[in-house]
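Peer 1: Take this structure first; my questions come after.
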Amino acid sequence: MFRVIIGSVATVLLTSVAYAGSNVFVGRRAVGTTSLDRIDHSAWDTLLKKYVDDDGMVNYRAWHSSPADTRALDEYLATLSTGRANQATNNGKLAFWINAYNAATIRGILREYPTTSIRNHTAKLFGYNIWKQLQLYVGGTPHSLEGIEHEILRKMNEPRIHFAIVCASIGCPRLLNQAYTPEHVQQQLESSAKDFFRRSQNFRYDQAGNRFYVSGILSWFATDFGANQAVQLKRISQWLPTAAAQQAAQRNAVSLSYLDYDWNLNEQASGTGVTAGR
């Protein structure tokens with residue numbers, strides 16, 4: 001049987017091994033009363049600063065070993081549940097749903113920890129699929145990770161979200177070790193986009209061969225950046241790390257190859273301040 005844990009703020013999380021097809025809920029099933037602009041993300045910010053390094057690698061072991069900080073994450077998710085989705089500015093929605101995706105993902109990984117990859121928990125036919133069945137209540141409605149990404153964030157026509165939401169993998173963009181906020185989300189997204197292309201796991205430019213090597217994210221979500229390669233390259237050109245790469249992108253003067261995606265867990269190396277997998 002699975003266990004139901006109910007926290008002091010009525011946070012609900014189903015733990016232990018889920019039956020095939022069973023959902024796992026985080027947050028609180030309650031009517032949303034607070035504008036997304038007014039949700040307090042300070043608790044999430046504190047947890048990120050404590051457990052995430054500057055490369056976006058997470059100390060899951062320490063976090064998992066802290067009942068107090070696991071409860072703090074549950075309480076933050078319950079705070080997100082109080083949001084009223086139809087009352088927010090665009091910046092408020094962006095900050096809220098990026099934080100919601102990342103926080104729910106971290107909670108889902110802590111539930112499974114120790115683990116080596118989120119892909120260990122994405123059953124296709126039978127069993128638990130974290131992307132579909134881990135669900136966060138917001139305003140009384142459950143939202144899966146897949147739903148948050150595809151039905152909410154991608155429909156906001158903001159491609160930089162792909163450099164901000166993190167699926168707990170080394171191949172993902174860096175998990176920012178601060179909460180996104182309505183006041184700063186535009187600057188944070190811009191910084192995250194530039195950081196993404198500065199990392200060799202995501203972008204390399206072979207100038208002699210007129211070729212960009214880019215993350216698979218740019219293939220999977222290509223249409224979010226434009227209708228064709230010329231438009232897509234022009235869109236990303238502003239975030240590329242060198243003037244030569246920017247000019248090549250603006251001229252559509254390169255071919256594209258896609259780098260292997262690393263699905264290993266974005267976990268800090270045990271007992272050190274050095275990140276794993278870098």
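Letters for chains follow the order of the structure tokens (A, B, ...), residue numbers begin at 1 for each chain, and ligand numbers begin at 1 in the order shown.
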Just want the 10 Å neighbourhood of His64 in chain A, counted on only C-alpha atoms, with same-chain residues fewer than 5 positions away dropped. Output as a PDB file with C-alpha atoms, in the first residue's frame.

Peer 2:
```
ATOM      1  CA  ASN A  59      22.677  18.161  -3.141  1.00  0.00           C
ATOM      2  CA  ASP A  69      13.714  21.010   4.640  1.00  0.00           C
ATOM      3  CA  THR A  70      11.614  18.367   2.922  1.00  0.00           C
ATOM      4  CA  ARG A 107       9.996  16.958  -4.788  1.00  0.00           C
ATOM      5  CA  ILE A 109      13.071  13.238  -7.264  1.00  0.00           C
ATOM      6  CA  LEU A 110      13.343  13.414  -3.462  1.00  0.00           C
ATOM      7  CA  ARG A 111      10.427  10.985  -3.305  1.00  0.00           C
ATOM      8  CA  GLU A 112      12.372   8.489  -5.438  1.00  0.00           C
ATOM      9  CA  TYR A 113      15.851   9.181  -4.053  1.00  0.00           C
ATOM     10  CA  PRO A 114      18.332   7.550  -4.286  1.00  0.00           C
TER      11      PRO A 114
END
```

Peer 1: Step one, run DSSP on the backbone; step two, keep only residues of range 132-257 of chain A assigned to helix (DSSP H, G or I); then write them as an MDAnalysis selection string.

Peer 2: chainID A and resid 132:133 145:156 159:163 185:198 217:220 222:225 229:237 243:250

Peer 1: Let's see if you can do this: from backbone DSSP, list all strand (DSSP E or B) residues in range 163-238 of chain A, as an MDAnalysis selection string.

Peer 2: chainID A and resid 169 203:206 211:214

Peer 1: Excluding range 176-188 of chain A and its own-chain neighbours fewer than 4 positions away, which residues fall within 9 Å of it when counting only C-alpha atoms? Please give them as a PyMOL selection string.

Peer 2: chain A and resi 36-38+40-56+89-96+98-99+164+192-193

Peer 1: Would you mind listing what lies within 8 Å of Arg29 in chain A as a PyMOL selection string, with only C-alpha atoms counted and same-chain residues fewer than 4 positions away left out?

Peer 2: chain A and resi 81+137-141

Peer 1: Could you turn the residues from that selection into a file that holds N, CA, C and O atoms, as an mmCIF file, in the first residue's frame?

Peer 2:
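Once everything was written out, this is result-v4.cif:
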```
data_model
loop_
_atom_site.group_PDB
_atom_site.id
_atom_site.type_symbol
_atom_site.label_atom_id
_atom_site.label_comp_id
_atom_site.auth_asym_id
_atom_site.auth_seq_id
_atom_site.Cartn_x
_atom_site.Cartn_y
_atom_site.Cartn_z
ATOM 1 N N SER A 81 -0.317 26.137 -4.192
ATOM 2 C CA SER A 81 -1.685 25.660 -4.393
ATOM 3 C C SER A 81 -2.723 26.750 -4.164
ATOM 4 O O SER A 81 -3.854 26.647 -4.649
ATOM 5 N N TYR A 137 -1.328 20.468 -7.187
ATOM 6 C CA TYR A 137 -2.593 21.199 -7.111
ATOM 7 C C TYR A 137 -2.329 22.701 -7.144
ATOM 8 O O TYR A 137 -1.525 23.226 -6.381
ATOM 9 N N VAL A 138 -3.022 23.389 -8.038
ATOM 10 C CA VAL A 138 -3.039 24.857 -8.055
ATOM 11 C C VAL A 138 -4.489 25.283 -8.203
ATOM 12 O O VAL A 138 -5.149 24.917 -9.179
ATOM 13 N N GLY A 139 -4.987 26.008 -7.219
ATOM 14 C CA GLY A 139 -6.370 26.451 -7.268
ATOM 15 C C GLY A 139 -7.362 25.307 -7.337
ATOM 16 O O GLY A 139 -8.411 25.421 -7.975
ATOM 17 N N GLY A 140 -7.020 24.172 -6.708
ATOM 18 C CA GLY A 140 -7.907 23.028 -6.687
ATOM 19 C C GLY A 140 -7.797 22.108 -7.884
ATOM 20 O O GLY A 140 -8.431 21.052 -7.912
ATOM 21 N N THR A 141 -6.990 22.477 -8.875
ATOM 22 C CA THR A 141 -6.824 21.675 -10.088
ATOM 23 C C THR A 141 -5.439 21.050 -10.122
ATOM 24 O O THR A 141 -4.446 21.755 -9.931
#
```

Peer 1: Skip range 254-262 of chain A itself and residues of its chain fewer than 4 positions away, then list as a PyMOL selection string all residues within 9 Å of it, counting only C-alpha atoms.

Peer 2: chain A and resi 169-172+201-203+207+209-219+248-249+277
